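Peer 1: So I've got this file, model-v8.pdb, and it contains PDB, C-alpha atoms:
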MODEL        1
ATOM      1  CA  MET A   1      29.428  78.712 127.391
ATOM      2  CA  ALA A   2      28.298  75.897 129.637
ATOM      3  CA  SER A   3      30.409  72.754 129.390
ATOM      4  CA  SER A   4      28.791  69.700 127.835
ATOM      5  CA  SER A   5      31.024  67.154 129.568
ATOM      6  CA  SER A   6      28.781  66.733 132.621
ATOM      7  CA  PHE A   7      25.747  65.575 130.658
ATOM      8  CA  ARG A   8      27.112  64.351 127.329
ATOM      9  CA  THR A   9      27.333  60.721 128.416
ATOM     10  CA  SER A  10      23.728  60.504 129.603
ATOM     11  CA  PHE A  11      22.116  61.853 126.465
ATOM     12  CA  CYS A  12      24.470  59.917 124.189
ATOM     13  CA  VAL A  13      23.179  56.709 125.801
ATOM     14  CA  PHE A  14      19.644  57.944 125.208
ATOM     15  CA  LEU A  15      20.401  58.725 121.586
ATOM     16  CA  VAL A  16      21.841  55.265 121.004
ATOM     17  CA  LEU A  17      18.495  53.846 122.085
ATOM     18  CA  VAL A  18      16.635  56.262 119.843
ATOM     19  CA  GLY A  19      18.874  55.345 116.925
ATOM     20  CA  MET A  20      18.004  51.668 117.273
ATOM     21  CA  SER A  21      14.608  52.424 115.781
ATOM     22  CA  SER A  22      16.194  52.629 112.330
ATOM     23  CA  ALA A  23      15.869  49.358 110.463
ATOM     24  CA  HIS A  24      18.623  50.021 107.936
ATOM     25  CA  LEU A  25      21.214  52.148 109.700
ATOM     26  CA  SER A  26      23.551  51.128 112.494
ATOM     27  CA  SER A  27      26.081  52.931 114.661
ATOM     28  CA  THR A  28      28.452  49.954 114.249
ATOM     29  CA  TYR A  29      28.089  49.626 110.485
ATOM     30  CA  TYR A  30      31.828  49.964 109.773
ATOM     31  CA  LYS A  31      33.083  48.161 112.873
ATOM     32  CA  SER A  32      34.398  45.238 110.846
ATOM     33  CA  SER A  33      34.547  46.584 107.285
ATOM     34  CA  CYS A  34      36.459  49.801 108.057
ATOM     35  CA  PRO A  35      37.178  50.168 111.781
ATOM     36  CA  LYS A  36      39.413  53.232 111.342
ATOM     37  CA  ALA A  37      36.889  55.231 109.323
ATOM     38  CA  LEU A  38      35.473  57.281 112.189
ATOM     39  CA  SER A  39      38.867  58.157 113.610
ATOM     40  CA  ILE A  40      40.052  59.331 110.187
ATOM     41  CA  ILE A  41      36.995  61.544 109.753
ATOM     42  CA  LYS A  42      37.461  63.043 113.203
ATOM     43  CA  SER A  43      41.155  63.715 112.616
ATOM     44  CA  VAL A  44      40.612  65.509 109.298
ATOM     45  CA  VAL A  45      37.695  67.532 110.674
ATOM     46  CA  ASN A  46      39.637  68.596 113.765
ATOM     47  CA  SER A  47      42.539  69.686 111.585
ATOM     48  CA  ALA A  48      40.297  71.649 109.226
ATOM     49  CA  VAL A  49      38.413  73.378 112.045
ATOM     50  CA  SER A  50      41.622  74.264 113.873
ATOM     51  CA  LYS A  51      42.873  75.971 110.712
ATOM     52  CA  GLU A  52      39.582  77.787 110.106
ATOM     53  CA  SER A  53      36.858  77.690 112.743
ATOM     54  CA  ARG A  54      34.250  78.675 110.145
ATOM     55  CA  MET A  55      34.765  75.297 108.486
ATOM     56  CA  GLY A  56      32.907  73.647 111.364
ATOM     57  CA  ALA A  57      29.740  75.516 110.450
ATOM     58  CA  SER A  58      30.300  74.794 106.768
ATOM     59  CA  LEU A  59      30.525  71.035 107.318
ATOM     60  CA  LEU A  60      27.436  71.075 109.530
ATOM     61  CA  ARG A  61      25.592  72.999 106.837
ATOM     62  CA  LEU A  62      26.631  70.432 104.209
ATOM     63  CA  HIS A  63      24.793  67.730 106.143
ATOM     64  CA  TYR A  64      21.666  69.873 106.496
ATOM     65  CA  HIS A  65      21.602  70.815 102.797
ATOM     66  CA  ASP A  66      22.246  67.218 101.769
ATOM     67  CA  CYS A  67      19.554  65.676 103.959
ATOM     68  CA  PHE A  68      16.804  68.225 103.306
ATOM     69  CA  VAL A  69      17.121  67.821  99.534
ATOM     70  CA  ASN A  70      16.257  64.274  98.406
ATOM     71  CA  GLY A  71      17.437  62.769 101.686
ATOM     72  CA  CYS A  72      20.875  62.054 103.179
ATOM     73  CA  ASP A  73      22.386  60.577 100.043
ATOM     74  CA  GLY A  74      25.478  62.640  99.280
ATOM     75  CA  SER A  75      23.791  64.139  96.205
ATOM     76  CA  LEU A  76      24.897  67.629  97.255
ATOM     77  CA  LEU A  77      28.518  66.656  96.621
ATOM     78  CA  LEU A  78      28.062  65.829  92.944
ATOM     79  CA  ASP A  79      29.504  68.171  90.333
ATOM     80  CA  ASN A  80      27.565  69.033  87.187
ATOM     81  CA  THR A  81      27.438  66.438  84.420
ATOM     82  CA  PRO A  82      26.023  66.445  80.868
ATOM     83  CA  THR A  83      22.833  64.838  82.240
ATOM     84  CA  PHE A  84      22.134  66.898  85.377
ATOM     85  CA  ILE A  85      23.021  70.138  87.151
ATOM     86  CA  GLY A  86      24.351  69.556  90.657
ATOM     87  CA  GLU A  87      22.586  70.808  93.776
ATOM     88  CA  LYS A  88      25.644  72.780  94.845
ATOM     89  CA  THR A  89      25.015  75.064  91.860
ATOM     90  CA  ALA A  90      21.935  76.458  93.594
ATOM     91  CA  ASN A  91      23.966  77.990  96.403
ATOM     92  CA  SER A  92      27.497  79.138  95.744
ATOM     93  CA  THR A  93      28.117  79.697  99.454
ATOM     94  CA  VAL A  94      27.899  76.012 100.360
ATOM     95  CA  ARG A  95      31.465  74.973 101.077
ATOM     96  CA  GLY A  96      33.642  72.340 102.719
ATOM     97  CA  PHE A  97      33.771  70.011  99.725
ATOM     98  CA  ASP A  98      37.567  69.927  99.824
ATOM     99  CA  VAL A  99      37.496  68.634 103.401
ATOM    100  CA  ILE A 100      35.126  65.844 102.384
ATOM    101  CA  ASP A 101      37.457  65.055  99.472
ATOM    102  CA  THR A 102      40.422  64.758 101.866
ATOM    103  CA  ILE A 103      38.489  62.441 104.150
ATOM    104  CA  LYS A 104      37.311  60.303 101.240
ATOM    105  CA  THR A 105      40.837  59.955  99.852
ATOM    106  CA  GLN A 106      42.225  58.830 103.198
ATOM    107  CA  VAL A 107      39.373  56.394 103.821
ATOM    108  CA  GLU A 108      39.627  54.944 100.315
ATOM    109  CA  ASN A 109      43.331  54.285 100.904
ATOM    110  CA  ILE A 110      42.567  51.864 103.718
ATOM    111  CA  CYS A 111      39.031  50.676 102.870
ATOM    112  CA  PRO A 112      38.349  51.104  99.144
ATOM    113  CA  GLY A 113      34.706  51.076  98.126
ATOM    114  CA  VAL A 114      33.350  50.712 101.654
ATOM    115  CA  VAL A 115      32.508  54.058 103.264
ATOM    116  CA  SER A 116      29.897  56.226 101.555
ATOM    117  CA  CYS A 117      30.223  59.946 100.992
ATOM    118  CA  ALA A 118      26.811  60.432 102.637
ATOM    119  CA  ASP A 119      28.078  58.806 105.831
ATOM    120  CA  ILE A 120      31.239  60.892 105.752
ATOM    121  CA  VAL A 121      29.148  64.069 105.582
ATOM    122  CA  ALA A 122      26.984  62.903 108.505
ATOM    123  CA  VAL A 123      29.943  62.068 110.739
ATOM    124  CA  ALA A 124      31.847  65.223 109.759
ATOM    125  CA  ALA A 125      28.863  67.325 110.848
ATOM    126  CA  ARG A 126      28.848  65.706 114.285
ATOM    127  CA  ASP A 127      32.605  66.007 114.691
ATOM    128  CA  SER A 128      32.490  69.670 113.656
ATOM    129  CA  VAL A 129      29.964  70.479 116.372
ATOM    130  CA  VAL A 130      32.064  68.663 118.964
ATOM    131  CA  ALA A 131      35.234  70.427 117.799
ATOM    132  CA  LEU A 132      33.558  73.785 118.485
ATOM    133  CA  GLY A 133      32.437  72.814 121.983
ATOM    134  CA  GLY A 134      28.990  71.429 121.222
ATOM    135  CA  PRO A 135      27.300  68.126 122.044
ATOM    136  CA  SER A 136      28.059  64.725 120.588
ATOM    137  CA  TRP A 137      25.583  62.140 119.345
ATOM    138  CA  THR A 138      25.626  58.638 117.947
ATOM    139  CA  VAL A 139      25.645  58.828 114.157
ATOM    140  CA  GLN A 140      23.718  56.031 112.499
ATOM    141  CA  LEU A 141      25.612  54.682 109.477
ATOM    142  CA  GLY A 142      25.066  52.594 106.381
ATOM    143  CA  ARG A 143      23.861  55.205 103.901
ATOM    144  CA  ARG A 144      24.723  54.774 100.241
ATOM    145  CA  ASP A 145      25.385  57.478  97.687
ATOM    146  CA  SER A 146      22.979  58.838  95.101
ATOM    147  CA  THR A 147      23.846  58.475  91.413
ATOM    148  CA  THR A 148      22.062  61.696  90.493
ATOM    149  CA  ALA A 149      21.151  65.132  91.840
ATOM    150  CA  ASN A 150      18.060  67.312  91.617
ATOM    151  CA  LEU A 151      18.664  71.041  91.431
ATOM    152  CA  SER A 152      14.973  71.907  91.179
ATOM    153  CA  THR A 153      14.170  70.614  94.671
ATOM    154  CA  VAL A 154      16.760  72.792  96.412
ATOM    155  CA  THR A 155      14.623  75.935  96.458
ATOM    156  CA  SER A 156      11.460  74.057  97.394
ATOM    157  CA  ASP A 157      12.947  71.979 100.219
ATOM    158  CA  LEU A 158      15.209  74.508 101.974
ATOM    159  CA  PRO A 159      13.387  77.302 103.854
ATOM    160  CA  PRO A 160      14.974  80.626 102.786
ATOM    161  CA  PRO A 161      16.349  83.213 105.259
ATOM    162  CA  THR A 162      13.347  85.401 104.423
ATOM    163  CA  SER A 163      10.938  82.832 105.907
ATOM    164  CA  ASN A 164       8.358  83.843 108.480
ATOM    165  CA  LEU A 165       7.666  81.578 111.459
ATOM    166  CA  SER A 166       4.777  79.843 109.694
ATOM    167  CA  GLY A 167       7.018  79.116 106.714
ATOM    168  CA  LEU A 168       9.737  77.682 108.945
ATOM    169  CA  ILE A 169       7.297  75.452 110.791
ATOM    170  CA  PHE A 170       5.787  74.258 107.508
ATOM    171  CA  GLY A 171       9.148  73.721 105.826
ATOM    172  CA  PHE A 172      10.473  71.596 108.661
ATOM    173  CA  SER A 173       7.173  69.743 109.132
ATOM    174  CA  LYS A 174       7.440  68.545 105.522
ATOM    175  CA  LYS A 175      10.566  66.703 106.641
ATOM    176  CA  GLY A 176       8.899  65.290 109.738
ATOM    177  CA  PHE A 177      10.119  67.784 112.338
ATOM    178  CA  ASN A 178       7.894  69.432 114.915
ATOM    179  CA  ALA A 179       8.265  73.075 115.987
ATOM    180  CA  ARG A 180      10.493  72.227 118.948
ATOM    181  CA  GLU A 181      12.896  70.309 116.704
ATOM    182  CA  MET A 182      12.854  73.156 114.192
ATOM    183  CA  VAL A 183      13.926  75.618 116.864
ATOM    184  CA  ALA A 184      16.628  73.254 118.108
ATOM    185  CA  LEU A 185      18.058  72.766 114.617
ATOM    186  CA  SER A 186      17.947  76.531 114.040
ATOM    187  CA  GLY A 187      20.416  76.717 116.908
ATOM    188  CA  ALA A 188      23.048  75.601 114.404
ATOM    189  CA  HIS A 189      23.250  79.327 113.685
ATOM    190  CA  THR A 190      25.252  79.706 116.875
ATOM    191  CA  ILE A 191      28.171  79.175 114.478
ATOM    192  CA  GLY A 192      28.707  80.282 110.894
ATOM    193  CA  GLN A 193      28.294  83.451 108.901
ATOM    194  CA  ALA A 194      25.894  85.054 106.441
ATOM    195  CA  ARG A 195      26.374  87.468 103.581
ATOM    196  CA  CYS A 196      25.188  91.073 103.715
ATOM    197  CA  ILE A 197      22.708  90.464 100.906
ATOM    198  CA  LYS A 198      20.899  87.863 103.025
ATOM    199  CA  PHE A 199      19.984  90.255 105.839
ATOM    200  CA  ARG A 200      20.193  93.770 104.323
ATOM    201  CA  ASN A 201      16.421  94.199 104.237
ATOM    202  CA  ARG A 202      16.168  93.248 107.905
ATOM    203  CA  ILE A 203      18.641  95.803 109.209
ATOM    204  CA  TYR A 204      17.251  98.655 107.119
ATOM    205  CA  ASN A 205      13.521  97.942 107.121
ATOM    206  CA  GLU A 206      12.555  95.858 110.147
ATOM    207  CA  SER A 207      11.728  97.179 113.605
ATOM    208  CA  ASN A 208      12.215  94.075 115.734
ATOM    209  CA  ILE A 209      15.976  94.482 115.840
ATOM    210  CA  ASP A 210      18.194  96.067 118.465
ATOM    211  CA  THR A 211      19.053  99.526 117.139
ATOM    212  CA  SER A 212      22.710  99.497 118.173
ATOM    213  CA  TYR A 213      23.127  96.050 116.663
ATOM    214  CA  ALA A 214      21.562  97.212 113.395
ATOM    215  CA  SER A 215      23.782 100.280 113.340
ATOM    216  CA  SER A 216      26.918  98.193 113.770
ATOM    217  CA  LEU A 217      25.891  95.935 110.897
ATOM    218  CA  LYS A 218      25.196  98.882 108.603
ATOM    219  CA  LEU A 219      28.829  99.979 108.884
ATOM    220  CA  LYS A 220      29.938  97.087 106.666
ATOM    221  CA  CYS A 221      26.612  96.272 105.043
ATOM    222  CA  PRO A 222      25.504  99.488 103.291
ATOM    223  CA  SER A 223      22.102  99.838 101.674
ATOM    224  CA  THR A 224      23.736  99.011  98.343
ATOM    225  CA  GLY A 225      26.936  97.184  97.486
ATOM    226  CA  ASN A 226      29.215  94.904  99.506
ATOM    227  CA  ASP A 227      26.724  92.069  99.048
ATOM    228  CA  ASN A 228      29.241  89.379  99.927
ATOM    229  CA  ASN A 229      30.603  90.870 103.151
ATOM    230  CA  LEU A 230      30.342  88.207 105.841
ATOM    231  CA  PHE A 231      28.892  88.634 109.325
ATOM    232  CA  PRO A 232      28.597  86.100 112.174
ATOM    233  CA  LEU A 233      25.148  84.639 112.735
ATOM    234  CA  ASP A 234      25.930  84.708 116.459
ATOM    235  CA  THR A 235      27.382  88.091 117.316
ATOM    236  CA  THR A 236      28.438  86.994 120.831
ATOM    237  CA  SER A 237      30.531  83.850 120.328
ATOM    238  CA  PRO A 238      30.571  83.031 116.604
ATOM    239  CA  THR A 239      33.174  80.254 116.807
ATOM    240  CA  SER A 240      31.738  78.402 119.809
ATOM    241  CA  PHE A 241      28.820  76.018 119.658
ATOM    242  CA  ASP A 242      26.758  77.268 122.604
ATOM    243  CA  ASN A 243      23.346  78.752 123.388
ATOM    244  CA  ALA A 244      24.321  82.392 122.752
ATOM    245  CA  TYR A 245      22.281  82.372 119.524
ATOM    246  CA  PHE A 246      19.094  82.086 121.580
ATOM    247  CA  LYS A 247      20.219  84.716 124.077
ATOM    248  CA  ASN A 248      20.764  87.054 121.145
ATOM    249  CA  LEU A 249      17.241  86.413 119.853
ATOM    250  CA  VAL A 250      15.781  87.460 123.205
ATOM    251  CA  TYR A 251      17.607  90.762 122.823
ATOM    252  CA  LYS A 252      16.467  91.181 119.195
ATOM    253  CA  LYS A 253      19.910  90.427 117.811
ATOM    254  CA  GLY A 254      19.005  87.744 115.313
ATOM    255  CA  LEU A 255      20.933  88.360 112.100
ATOM    256  CA  LEU A 256      18.542  86.858 109.569
ATOM    257  CA  HIS A 257      14.840  87.594 109.278
ATOM    258  CA  SER A 258      14.170  83.880 109.795
ATOM    259  CA  ASP A 259      16.279  83.901 112.969
ATOM    260  CA  GLN A 260      14.320  86.640 114.724
ATOM    261  CA  GLN A 261      11.044  85.016 113.679
ATOM    262  CA  LEU A 262      11.722  82.446 116.398
ATOM    263  CA  TYR A 263      11.314  85.157 119.028
ATOM    264  CA  LYS A 264       8.691  87.652 118.010
ATOM    265  CA  GLY A 265       5.690  87.034 120.212
ATOM    266  CA  GLY A 266       4.927  83.731 118.489
ATOM    267  CA  SER A 267       4.309  80.117 119.405
ATOM    268  CA  VAL A 268       7.959  79.173 119.885
ATOM    269  CA  ASP A 269       9.045  82.107 122.068
ATOM    270  CA  SER A 270       9.009  79.924 125.173
ATOM    271  CA  GLN A 271      11.285  77.374 123.512
ATOM    272  CA  VAL A 272      13.799  80.084 122.664
ATOM    273  CA  THR A 273      13.655  81.297 126.265
ATOM    274  CA  THR A 274      14.293  77.790 127.548
ATOM    275  CA  TYR A 275      17.320  77.305 125.326
ATOM    276  CA  SER A 276      18.646  80.770 126.203
ATOM    277  CA  THR A 277      18.750  79.834 129.870
ATOM    278  CA  SER A 278      19.739  76.168 129.572
ATOM    279  CA  SER A 279      22.524  75.152 127.216
ATOM    280  CA  SER A 280      22.147  71.542 128.363
ATOM    281  CA  THR A 281      18.509  71.418 127.224
ATOM    282  CA  PHE A 282      19.474  72.910 123.880
ATOM    283  CA  PHE A 283      22.356  70.461 123.454
ATOM    284  CA  ILE A 284      20.169  67.449 124.195
ATOM    285  CA  ASP A 285      17.387  68.582 121.848
ATOM    286  CA  PHE A 286      19.828  69.549 119.095
ATOM    287  CA  ALA A 287      21.603  66.201 119.233
ATOM    288  CA  HIS A 288      18.305  64.325 119.162
ATOM    289  CA  ALA A 289      17.117  66.348 116.155
ATOM    290  CA  MET A 290      20.414  65.736 114.331
ATOM    291  CA  VAL A 291      20.034  61.978 114.730
ATOM    292  CA  LYS A 292      16.537  62.290 113.288
ATOM    293  CA  MET A 293      17.742  64.459 110.418
ATOM    294  CA  GLY A 294      20.407  61.913 109.564
ATOM    295  CA  LYS A 295      17.654  59.384 108.895
ATOM    296  CA  LEU A 296      15.886  61.409 106.207
ATOM    297  CA  SER A 297      15.342  59.048 103.268
ATOM    298  CA  PRO A 298      18.766  57.374 103.204
ATOM    299  CA  LEU A 299      19.679  55.001 100.390
ATOM    300  CA  THR A 300      20.429  51.565 101.816
ATOM    301  CA  GLY A 301      20.810  47.970 100.699
ATOM    302  CA  SER A 302      21.339  47.774  96.935
ATOM    303  CA  SER A 303      20.143  51.336  96.257
ATOM    304  CA  GLY A 304      22.678  53.872  95.056
ATOM    305  CA  GLU A 305      26.390  53.140  95.242
ATOM    306  CA  ILE A 306      29.544  53.763  97.231
ATOM    307  CA  ARG A 307      31.281  56.509  95.289
ATOM    308  CA  THR A 308      35.042  56.362  94.870
ATOM    309  CA  ASN A 309      35.092  60.105  94.284
ATOM    310  CA  CYS A 310      32.422  62.075  96.134
ATOM    311  CA  ARG A 311      32.164  64.607  93.305
ATOM    312  CA  LYS A 312      31.137  62.119  90.608
ATOM    313  CA  ILE A 313      29.335  58.829  90.176
ATOM    314  CA  ASN A 314      31.408  55.707  89.578
TER
ENDMDL
END
Could you take the file, read its structure, and then write that structure out as C-alpha cells?
Peer 2:
Amino acid sequence: MASSSSFRTSFCVFLVLVGMSSAHLSSTYYKSSCPKALSIIKSVVNSAVSKESRMGASLLRLHYHDCFVNGCDGSLLLDNTPTFIGEKTANSTVRGFDVIDTIKTQVENICPGVVSCADIVAVAARDSVVALGGPSWTVQLGRRDSTTANLSTVTSDLPPPTSNLSGLIFGFSKKGFNAREMVALSGAHTIGQARCIKFRNRIYNESNIDTSYASSLKLKCPSTGNDNNLFPLDTTSPTSFDNAYFKNLVYKKGLLHSDQQLYKGGSVDSQVTTYSTSSSTFFIDFAHAMVKMGKLSPLTGSSGEIRTNCRKIN
C-alpha cells in the first residue's frame, strides 16, 4: 500500500478550503465549547480498531448509512420506540453502535449536551479510515441530532449490492454525487466484509468473475446454507485502507455484483484503472467525496437536538 504521508498535508489544506463553502458547519465548531472532543473520539476509535480491525469499516459504514438516509443527522443510531421503527432495523449487519456509545459517554462527562451524535459518527468515520492507513480530511462540524427516524427510506436511498452500474450512478446522483465521486466512495470496500447471501448469486451465476476466485469463495459459501459466513470485500488486504479494491476489480475479483459493475466495459472503467494505479489519486478523491457526503442535509441551528444518549431522543 502506498503511504499517504507524503501528500496528506496538501490535500487536507485543499479540503479545508472546500469545506468553507458550508454556511452552517465549521471545522472549529467545538474549539471553545468542547476542545477535547476530537481527541476523545480519536482515542476511542483507535482502541476499538486495534482490538478488531473490522470495526474501522463498520464505523465508516455507519456514517454512510446515516448520511444517505434523511441526511447526516444521527437518525441511524436511534432504537425503536412506540412511535417509530428505527433505521437500524432495516439492516441487522450495521454495527459499531457500542463504540459510538462509549465515545458519547466520555464526551458527555466533560462537555454535557454539547457534541452531537451525528458529529461523533462523522469524525469516527474519518478516524477509522486513518487508523487503517487511509487518508485524512477536515470534518466539518455543527450537526444536530434528529428526533425521529424513517425506516421506509432506507431501502429507497441505499443502493443494494445487486445494483447495476446505471443503478449505482442514479442512486448516488440523487444525493448529489457524480460518477467519479460514486466510484471513489465505492472504494470504501477496500475494508470490511460481506455475508455469503449478499454475493452467492454472483459467484454461482455470473461470468465476469475470476474462476479461481469464485472457486475459493464457494468453499465457504455453498449454493445453499451458511448465509451469514463473512468474506472480505477486498481479498488482497482486507484490513488496510488502500487501492487494492480497484486492482481486484481489474482482475474480476470484485466480491459483490455492484462492485464488479464498476469495471465491466462501462463508463467508469477508466476511473477504476486510474485508482488501481494511483493510490494518491484515490485517496484525494475519496477524502473530497467524504467531506461532501458529510454535508448531506445536516440539521443545524435550532433544528433537532443534542442527544444525551445516542440511542434515544432526550
Peer 1: What do you get, as a list of chain:residue names, if you spell out every residue that the PyMOL selection byres ((chain A and resi 283-290) around 7) selects here?
Peer 2: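 Evaluating the PyMOL selection byres ((chain A and resi 283-290) around 7) on these coordinates yields A:Phe11, A:Leu15, A:Pro135, A:Ser136, A:Trp137, A:Glu181, A:Ala184, A:Leu185, A:Ser279, A:Ser280, A:Thr281, A:Phe282, A:Val291, A:Lys292, A:Met293, A:Gly294.
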Peer 1: Just want the 6 Å neighbourhood of segment 106-123 of chain A, counted on only C-alpha atoms, with same-chain residues fewer than 6 positions away dropped. Output as a list of chain:residue names.
Peer 2: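 So, after excluding close chain neighbours, the residues are A:Cys34, A:His63, A:Asp73, A:Gly74, A:Arg143, A:Arg144, A:Asp145, A:Ile306, A:Cys310.
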Peer 1: Atom CA of Tyr30 of chain A to atom CA of Gln140 of chain A: how many Å, to one decimal?
Peer 2: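 Spanning atom CA of Tyr30 of chain A to atom CA of Gln140 of chain A is a straight-line distance of 10.5 Å.
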Peer 1: For each of A:Phe84, A:Phe68, A:Phe97, A:Phe199, take the minimum atom-to-atom distance to Ser258 of chain A, counting only C-alpha atoms, then give the residue where this is smallest.
Peer 2: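 Closest to Ser258 of chain A of all the choices is A:Phe199.
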Peer 1: Between A:Ile103, A:Asp269, A:Leu76, A:Leu60, which has the minimum distance to Ala37 of chain A (counting all atoms listed in the file)?
Peer 2: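 The closest residue to Ala37 of chain A is A:Ile103.
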Peer 1: Considering all atoms listed in the file, can you say which of A:Lys247, A:Thr190, A:Gly142, A:Thr211 comes closest to Ser302 of chain A?
Peer 2: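 Closest candidate: A:Gly142.
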Peer 1: Check the smallest atom-to-atom distance from each of A:Gly71, A:Gly266, A:Pro298, A:Gly96 to Ser166 of chain A using all atoms listed in the file, then report the winner.
Peer 2: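 Of A:Gly71, A:Gly266, A:Pro298, A:Gly96, the one nearest Ser166 of chain A, counting all atoms listed in the file, is A:Gly266.
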Peer 1: Convert the output of the PyMOL selection byres ((chain A and resi 213) around 10) on the shown file into explicit residues, formatted as a list in words.
Peer 2: Ile203, Ile209, Asp210, Thr211, Ser212, Ala214, Ser215, Ser216, Leu217, Lys218, Thr235, Tyr251, Lys252, Lys253, Gly254 and Leu255 of chain A
Peer 1: Keeping only C-alpha atoms, write those residues as a PDB file, in the frame of the given file.
Peer 2:
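Produced file result-v3.pdb, reproduced below:
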ATOM      1  CA  ILE A 203      18.641  95.803 109.209  1.00  0.00           C
ATOM      2  CA  ILE A 209      15.976  94.482 115.840  1.00  0.00           C
ATOM      3  CA  ASP A 210      18.194  96.067 118.465  1.00  0.00           C
ATOM      4  CA  THR A 211      19.053  99.526 117.139  1.00  0.00           C
ATOM      5  CA  SER A 212      22.710  99.497 118.173  1.00  0.00           C
ATOM      6  CA  ALA A 214      21.562  97.212 113.395  1.00  0.00           C
ATOM      7  CA  SER A 215      23.782 100.280 113.340  1.00  0.00           C
ATOM      8  CA  SER A 216      26.918  98.193 113.770  1.00  0.00           C
ATOM      9  CA  LEU A 217      25.891  95.935 110.897  1.00  0.00           C
ATOM     10  CA  LYS A 218      25.196  98.882 108.603  1.00  0.00           C
ATOM     11  CA  THR A 235      27.382  88.091 117.316  1.00  0.00           C
ATOM     12  CA  TYR A 251      17.607  90.762 122.823  1.00  0.00           C
ATOM     13  CA  LYS A 252      16.467  91.181 119.195  1.00  0.00           C
ATOM     14  CA  LYS A 253      19.910  90.427 117.811  1.00  0.00           C
ATOM     15  CA  GLY A 254      19.005  87.744 115.313  1.00  0.00           C
ATOM     16  CA  LEU A 255      20.933  88.360 112.100  1.00  0.00           C
TER      17      LEU A 255
END
Peer 1: When distances are computed from only C-alpha atoms, which of A:Asn248, A:Pro159, A:Leu151, A:Thr28 shows the smallest separation from Ile85 of chain A?
Peer 2: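 Closest candidate: A:Leu151.
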Peer 1: Tell me which of A:Ser303, A:Lys264, A:Thr81, A:Lys175 sits closest to Cys67 of chain A, counting all atoms listed in the file.
Peer 2: A:Lys175
Peer 1: Assuming 6 Å of padding per side, give the centre and edge lengths of the axis-aligned box around every listed atom of segment 65-77 of chain A, in Å to one decimal and as JSON.
Peer 2:
{"center_x": 22.4, "center_y": 65.7, "center_z": 100.1, "size_x": 24.3, "size_y": 22.2, "size_z": 19.8}
Peer 1: Do a neighbour search on Thr93 of chain A at 10 Å with all atoms listed in the file, toss out local chain neighbours closer than 4 positions, and write the hits as a CSV table (one decimal) with C-alpha atoms, keeping the file's coordinate frame.
Peer 2:
chain,number,residue,atom,x,y,z
A,58,SER,CA,30.3,74.8,106.8
A,88,LYS,CA,25.6,72.8,94.8
A,89,THR,CA,25.0,75.1,91.9
A,194,ALA,CA,25.9,85.1,106.4
A,195,ARG,CA,26.4,87.5,103.6
A,228,ASN,CA,29.2,89.4,99.9
Peer 1: May I have the protein, DNA and RNA residues with an atom at most 10 Å from (32.6, 88.7, 105.2), counting all atoms listed in the file in the file's coordinates, returned as an MDAnalysis selection string?
Peer 2: chainID A and resid 193:196 220:221 226:232
Peer 1: Store the residues of this selection in a file with C-alpha atoms, as a PDB file, in the frame of the given file.
Peer 2:
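Contents of selection_28.pdb, freshly written:
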ATOM      1  CA  GLN A 193      28.294  83.451 108.901  1.00  0.00           C
ATOM      2  CA  ALA A 194      25.894  85.054 106.441  1.00  0.00           C
ATOM      3  CA  ARG A 195      26.374  87.468 103.581  1.00  0.00           C
ATOM      4  CA  CYS A 196      25.188  91.073 103.715  1.00  0.00           C
ATOM      5  CA  LYS A 220      29.938  97.087 106.666  1.00  0.00           C
ATOM      6  CA  CYS A 221      26.612  96.272 105.043  1.00  0.00           C
ATOM      7  CA  ASN A 226      29.215  94.904  99.506  1.00  0.00           C
ATOM      8  CA  ASP A 227      26.724  92.069  99.048  1.00  0.00           C
ATOM      9  CA  ASN A 228      29.241  89.379  99.927  1.00  0.00           C
ATOM     10  CA  ASN A 229      30.603  90.870 103.151  1.00  0.00           C
ATOM     11  CA  LEU A 230      30.342  88.207 105.841  1.00  0.00           C
ATOM     12  CA  PHE A 231      28.892  88.634 109.325  1.00  0.00           C
ATOM     13  CA  PRO A 232      28.597  86.100 112.174  1.00  0.00           C
TER      14      PRO A 232
END
Peer 1: Work out how far apart atom CA of Gly301 of chain A and atom CA of His24 of chain A are and give it in Å to one decimal.
Peer 2: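 That distance, rounded to one decimal, is 7.8 Å.
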Peer 1: Name the residues captured by the PyMOL selection byres ((chain A and resi 273) around 10) when it is applied to the shown file; answer as a PyMOL selection string.
Peer 2: chain A and resi 246-247+249-250+263+268-272+274-278
Peer 1: What is the atom CA of Ser53 of chain A-atom CA of Leu132 of chain A distance in Å, reported with one decimal?
Peer 2: 7.7 Å
